[in-house]
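Below: the structure, in structure tokens.
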Amino acid sequence: MNADLNHLIVRIRFGGACEHAAVGPKRSDGRMEQEAVADTVVLIHGLWMTPLSWEHWVTRYQQRGLKVVTPGYPGIEEGEAGVAALRNDPSPLANLGVREVFDHLAEVIDALDTKPIIMGHSFGGAFTQLLLDAGYGAVGVSIDGAAVKGVKALPFSEIKATFPVLHNPANKDRAVPITEKEFHYAFTNNLSEEESKAVYDRYAVPVSGRILFQGGFANFTPHAATTYNFANDERAPLLFISGGNDHILPPAVQHENFKKNVKHSEAITAYKLFSGRSHYTCGEDGWEAVADFALDWALAPTPGDLDQHT
């Protein structure tokens with residue numbers, strides 16, 4: 001058996017930092033998960049992206065002996081075909097909301113034999129957090145994650161990056177495209193224009209305006225779709241990863257989220273800053289270090305601001 005997988009099995013069955021994550025609530029089919037072995041990683045993409053954005057991580061994690069699942073949002077297919085389909089007809093994204101995506105992801109996870117490691121990038125990080133709060137997953141990692149309700153940090157660069165969508169209320173019911181220039185600022189600001197265009201051409205798709213509006217105005221919305229229980233002591237371990245040069249979701253967003261979780265919950269919560277990395281951290285040069293750190297932590301979760309321990 002692969003050493004990484006065997007290590008996680010031992011920690012879950014016989015004790016250690018993630019022992020409490022082995023037994024969760026009943027699944028929708030009524031079965032209780034006893035001694036569930038996290039042999040699967042679920043990778044959740046963010047807005048303006050599809051499951052294709054995880055292509056390098058899938059291979060790397062499979063090489064470490066884990067199964068990898070990359071669910072798209074409802075109506076979003078995997079692979080290059082999924083990108084092409086949305087560019088040709090983005091209507092599946094129109095009126096798609098947070099709860100619809102959450103319910104779809106929950107169904108995917110519920111169908112697995114064991115509680116998985118859940119990782120999400122950007123708004124996928126917010127979905128990871130919401131899923132853990134609801135009892136899904138053995139451990140979670142939010143990479144450059146969007147804010148859930150209650151996180152108030154709103155850096156100027158985030159406002160600038162999301163303004164092309166949020167400035168027009170009519171976009172709430174639309175699938176809104178992103179231009180090469182907007183993508184370069186929001187995602188790939190560490191790359192040249194030529195390098196950014198190559199990334200844009202391979203991955204970028206329109207965004208669900210409704211999801212972005214629901215996330216962006218959650219703090220002003222009663223019963224917001226991104227409502228989260230910061231005081232959930234039963235939540236599985238959760239790591240927040242930030243990129244120091246991220247424009248659309250700067251470190252202030254994830255660090256406030258981390259501190260609020262630590263203040264209100266006894267669940268394992270950690271934070272790691274990767275200096276100088278953009279929102280395209282899962283694909284730009286050096287992505288392997290981010291992927292390996294995320295998985296290594298998930299195999300042996302430890303709490304705290306991990307930058308203060310190095």
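Residues are referred to by chain and number: the chain letter is A, B, ... according to the order shown in the structure tokens, the number counts from 1 in that chain, and ligands are numbered separately from 1 in the order shown.
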Quiz prompt | Selection near range 45-57 of chain A, 6 Å with only C-alpha atoms, sequence-local residues under 2 positions removed, as a ChimeraX atom specification | solution = /A:59-60,70,72,78-79,120-124,204-207
Keeping only C-alpha atoms, write the selected residues as a CSV table (one decimal), in the first residue's frame.
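Result file follows (out-v5.csv):
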chain,number,residue,atom,x,y,z
A,59,THR,CA,-1.9,13.3,-11.8
A,60,ARG,CA,0.3,14.2,-8.8
A,70,THR,CA,-13.0,16.5,-9.8
A,72,GLY,CA,-17.9,20.2,-11.9
A,78,GLU,CA,-14.9,17.7,-17.2
A,79,GLY,CA,-12.0,18.1,-19.5
A,120,GLY,CA,-11.2,23.7,-3.1
A,121,HIS,CA,-9.7,26.7,-4.8
A,122,SER,CA,-11.2,30.2,-4.8
A,123,PHE,CA,-15.0,29.8,-4.4
A,124,GLY,CA,-14.2,26.1,-4.3
A,204,ALA,CA,-11.3,30.5,-18.6
A,205,VAL,CA,-15.1,30.3,-18.9
A,206,PRO,CA,-17.9,32.7,-18.0
A,207,VAL,CA,-19.0,33.1,-14.3
Quiz prompt | Per-residue DSSP, range 137-279 of chain A, filtered to alpha helix (DSSP H), as a PyMOL selection string | solution = chain A and resi 156-166+180-186+193-203+209-216+251-264
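Remark: for Ala138 in chain A, the closest of the candidate residues A:Ala175, A:Ala298, A:Leu93, A:Val199 is A:Ala298 (distances computed over only C-alpha atoms).
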Practice problem: Show which residues sit within 6 Å of range 226-233 of chain A, as a ChimeraX atom specification. Count only C-alpha atoms, and ignore same-chain residues fewer than 6 positions away. | Solution: /A:148-149,261,264-267
Just-selected residues, N, CA and C atoms written as an mmCIF file, in the first residue's frame:
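Once everything was written out, this is selection.cif:
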data_model
loop_
_atom_site.group_PDB
_atom_site.id
_atom_site.type_symbol
_atom_site.label_atom_id
_atom_site.label_comp_id
_atom_site.auth_asym_id
_atom_site.auth_seq_id
_atom_site.Cartn_x
_atom_site.Cartn_y
_atom_site.Cartn_z
ATOM 1 N N VAL A 148 -16.781 33.202 3.440
ATOM 2 C CA VAL A 148 -18.137 32.826 3.823
ATOM 3 C C VAL A 148 -18.738 34.017 4.563
ATOM 4 N N LYS A 149 -20.033 33.953 4.845
ATOM 5 C CA LYS A 149 -20.665 35.050 5.572
ATOM 6 C C LYS A 149 -20.017 35.228 6.943
ATOM 7 N N ASN A 261 -12.335 31.315 12.907
ATOM 8 C CA ASN A 261 -12.547 29.915 13.240
ATOM 9 C C ASN A 261 -11.822 29.532 14.526
ATOM 10 N N HIS A 264 -13.630 30.874 17.734
ATOM 11 C CA HIS A 264 -14.940 30.369 18.116
ATOM 12 C C HIS A 264 -15.040 28.847 18.174
ATOM 13 N N SER A 265 -14.076 28.123 17.608
ATOM 14 C CA SER A 265 -14.205 26.668 17.521
ATOM 15 C C SER A 265 -12.957 25.965 18.046
ATOM 16 N N GLU A 266 -13.167 24.795 18.625
ATOM 17 C CA GLU A 266 -12.054 23.967 19.079
ATOM 18 C C GLU A 266 -11.570 23.012 17.998
ATOM 19 N N ALA A 267 -12.230 23.005 16.847
ATOM 20 C CA ALA A 267 -11.807 22.139 15.751
ATOM 21 C C ALA A 267 -10.435 22.563 15.240
#
Practice problem: Please give the complete set of residues from range 104-267 of chain A that DSSP, run on the backbone, assigns to strand (DSSP E), formatted as an MDAnalysis selection string. | Solution: chainID A and resid 117:121 139:143 175:176 207:208 238:243
Output as CSV one row per residue of range 134-191 of chain A within 12 Å of range 288-291 of chain A: the closest atom pair and its distance in Å to one decimal place, counting only C-alpha atoms, sorted by chain and residue number ascending.
residue,atom,partner,partner_atom,distance
A:Val141,CA,A:Ala291,CA,10.4
A:Ser142,CA,A:Val290,CA,11.6
A:Ile143,CA,A:Val290,CA,9.0
A:Asp144,CA,A:Val290,CA,11.1
Could those selected residues go to a file with C-alpha atoms, as a PDB file, in the first residue's frame?
ATOM      1  CA  VAL A 141      -8.106  22.529   2.517  1.00  0.00           C
ATOM      2  CA  SER A 142      -9.249  25.936   1.258  1.00  0.00           C
ATOM      3  CA  ILE A 143      -6.773  27.365  -1.260  1.00  0.00           C
ATOM      4  CA  ASP A 144      -7.083  31.104  -1.904  1.00  0.00           C
TER       5      ASP A 144
END
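Among the candidates A:Ile159, A:Cys282, A:Val108, A:Ala153, the residue lying nearest to Phe258 in chain A is A:Ala153 (atoms considered: only C-alpha atoms).
The spacing separating CA of Asn257 in chain A from CA of Gly140 in chain A amounts to 14.0 Å.
Between Phe240 in chain A and the candidates A:Ala270, A:Leu66, A:Leu131, A:Ala252, the tightest atom-to-atom separation, counting only C-alpha atoms, involves A:Ala270.
If you look at CA of Glu107 in chain A and CA of Asn95 in chain A, they are 19.9 Å away from each other.
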Quiz prompt | Near-Lys272 in chain A list (12 Å; only C-alpha atoms; drop same-chain fewer than 5 positions) as an MDAnalysis selection string | solution = chainID A and resid 141:144 238:244 251 254:255 258 290 293:294 297 302:310
Could you please take those selected residues and save N, CA and C atoms as a PDB file, in the first residue's frame?
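Printed below is again.pdb as written:
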ATOM      1  N   VAL A 141      -9.101  21.499   2.809  1.00  0.00           N
ATOM      2  CA  VAL A 141      -8.106  22.529   2.517  1.00  0.00           C
ATOM      3  C   VAL A 141      -8.739  23.563   1.604  1.00  0.00           C
ATOM      4  N   SER A 142      -8.737  24.813   2.040  1.00  0.00           N
ATOM      5  CA  SER A 142      -9.249  25.936   1.258  1.00  0.00           C
ATOM      6  C   SER A 142      -8.063  26.718   0.719  1.00  0.00           C
ATOM      7  N   ILE A 143      -7.923  26.738  -0.613  1.00  0.00           N
ATOM      8  CA  ILE A 143      -6.773  27.365  -1.260  1.00  0.00           C
ATOM      9  C   ILE A 143      -7.219  28.685  -1.896  1.00  0.00           C
ATOM     10  N   ASP A 144      -6.669  29.777  -1.423  1.00  0.00           N
ATOM     11  CA  ASP A 144      -7.083  31.104  -1.904  1.00  0.00           C
ATOM     12  C   ASP A 144      -8.602  31.231  -1.823  1.00  0.00           C
ATOM     13  N   LEU A 238      -9.376  21.873   9.122  1.00  0.00           N
ATOM     14  CA  LEU A 238      -9.459  22.769   7.972  1.00  0.00           C
ATOM     15  C   LEU A 238      -8.205  23.635   7.893  1.00  0.00           C
ATOM     16  N   LEU A 239      -7.586  23.631   6.714  1.00  0.00           N
ATOM     17  CA  LEU A 239      -6.408  24.452   6.450  1.00  0.00           C
ATOM     18  C   LEU A 239      -6.760  25.537   5.441  1.00  0.00           C
ATOM     19  N   PHE A 240      -6.371  26.774   5.754  1.00  0.00           N
ATOM     20  CA  PHE A 240      -6.496  27.888   4.815  1.00  0.00           C
ATOM     21  C   PHE A 240      -5.119  28.175   4.217  1.00  0.00           C
ATOM     22  N   ILE A 241      -5.041  28.193   2.891  1.00  0.00           N
ATOM     23  CA  ILE A 241      -3.808  28.537   2.187  1.00  0.00           C
ATOM     24  C   ILE A 241      -4.028  29.846   1.443  1.00  0.00           C
ATOM     25  N   SER A 242      -3.077  30.764   1.566  1.00  0.00           N
ATOM     26  CA  SER A 242      -3.149  32.053   0.883  1.00  0.00           C
ATOM     27  C   SER A 242      -1.978  32.224  -0.073  1.00  0.00           C
ATOM     28  N   GLY A 243      -2.203  33.041  -1.106  1.00  0.00           N
ATOM     29  CA  GLY A 243      -1.131  33.453  -1.998  1.00  0.00           C
ATOM     30  C   GLY A 243      -0.809  34.918  -1.757  1.00  0.00           C
ATOM     31  N   GLY A 244       0.441  35.224  -1.490  1.00  0.00           N
ATOM     32  CA  GLY A 244       0.819  36.570  -1.081  1.00  0.00           C
ATOM     33  C   GLY A 244       0.609  37.639  -2.124  1.00  0.00           C
ATOM     34  N   PRO A 251      -4.544  37.560   0.901  1.00  0.00           N
ATOM     35  CA  PRO A 251      -4.392  36.839   2.169  1.00  0.00           C
ATOM     36  C   PRO A 251      -5.259  37.355   3.302  1.00  0.00           C
ATOM     37  N   GLN A 254      -8.438  35.120   3.741  1.00  0.00           N
ATOM     38  CA  GLN A 254      -8.278  33.807   4.364  1.00  0.00           C
ATOM     39  C   GLN A 254      -7.782  33.908   5.815  1.00  0.00           C
ATOM     40  N   HIS A 255      -6.932  34.904   6.086  1.00  0.00           N
ATOM     41  CA  HIS A 255      -6.395  34.997   7.446  1.00  0.00           C
ATOM     42  C   HIS A 255      -7.476  35.414   8.440  1.00  0.00           C
ATOM     43  N   PHE A 258      -9.500  32.310   9.039  1.00  0.00           N
ATOM     44  CA  PHE A 258      -8.749  31.441   9.962  1.00  0.00           C
ATOM     45  C   PHE A 258      -8.886  31.917  11.406  1.00  0.00           C
ATOM     46  N   VAL A 290       2.762  23.777  -3.446  1.00  0.00           N
ATOM     47  CA  VAL A 290       1.452  24.039  -2.848  1.00  0.00           C
ATOM     48  C   VAL A 290       0.654  22.743  -2.750  1.00  0.00           C
ATOM     49  N   PHE A 293       2.202  20.449  -0.055  1.00  0.00           N
ATOM     50  CA  PHE A 293       1.945  20.937   1.304  1.00  0.00           C
ATOM     51  C   PHE A 293       0.499  20.658   1.696  1.00  0.00           C
ATOM     52  N   ALA A 294      -0.419  20.920   0.791  1.00  0.00           N
ATOM     53  CA  ALA A 294      -1.837  20.710   1.090  1.00  0.00           C
ATOM     54  C   ALA A 294      -2.114  19.257   1.439  1.00  0.00           C
ATOM     55  N   TRP A 297      -0.353  18.115   4.791  1.00  0.00           N
ATOM     56  CA  TRP A 297      -1.098  18.584   5.963  1.00  0.00           C
ATOM     57  C   TRP A 297      -2.368  17.766   6.145  1.00  0.00           C
ATOM     58  N   THR A 302      -2.305  19.655  11.669  1.00  0.00           N
ATOM     59  CA  THR A 302      -1.841  20.320  12.885  1.00  0.00           C
ATOM     60  C   THR A 302      -2.422  21.729  12.898  1.00  0.00           C
ATOM     61  N   PRO A 303      -2.761  22.261  14.065  1.00  0.00           N
ATOM     62  CA  PRO A 303      -3.405  23.574  14.135  1.00  0.00           C
ATOM     63  C   PRO A 303      -2.413  24.720  14.152  1.00  0.00           C
ATOM     64  N   GLY A 304      -2.952  25.921  13.920  1.00  0.00           N
ATOM     65  CA  GLY A 304      -2.177  27.132  14.135  1.00  0.00           C
ATOM     66  C   GLY A 304      -1.746  27.819  12.856  1.00  0.00           C
ATOM     67  N   ASP A 305      -1.090  28.977  13.044  1.00  0.00           N
ATOM     68  CA  ASP A 305      -0.491  29.728  11.939  1.00  0.00           C
ATOM     69  C   ASP A 305       0.837  29.054  11.634  1.00  0.00           C
ATOM     70  N   LEU A 306       0.876  28.284  10.570  1.00  0.00           N
ATOM     71  CA  LEU A 306       2.032  27.438  10.291  1.00  0.00           C
ATOM     72  C   LEU A 306       3.250  28.243   9.889  1.00  0.00           C
ATOM     73  N   ASP A 307       3.077  29.478   9.452  1.00  0.00           N
ATOM     74  CA  ASP A 307       4.221  30.323   9.130  1.00  0.00           C
ATOM     75  C   ASP A 307       4.987  30.706  10.390  1.00  0.00           C
ATOM     76  N   GLN A 308       4.330  30.713  11.522  1.00  0.00           N
ATOM     77  CA  GLN A 308       4.992  31.041  12.775  1.00  0.00           C
ATOM     78  C   GLN A 308       5.765  29.867  13.350  1.00  0.00           C
ATOM     79  N   HIS A 309       5.592  28.689  12.718  1.00  0.00           N
ATOM     80  CA  HIS A 309       6.279  27.490  13.197  1.00  0.00           C
ATOM     81  C   HIS A 309       7.501  27.164  12.376  1.00  0.00           C
ATOM     82  N   THR A 310       7.785  28.014  11.367  1.00  0.00           N
ATOM     83  CA  THR A 310       8.913  27.722  10.474  1.00  0.00           C
ATOM     84  C   THR A 310       9.958  28.820  10.549  1.00  0.00           C
TER      85      THR A 310
END
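Of the residues under consideration (A:Leu295, A:Gly215, A:Val83, A:Leu43), A:Gly215 shows the shortest atom-to-atom contact distance to Lys152 in chain A when counting only C-alpha atoms.
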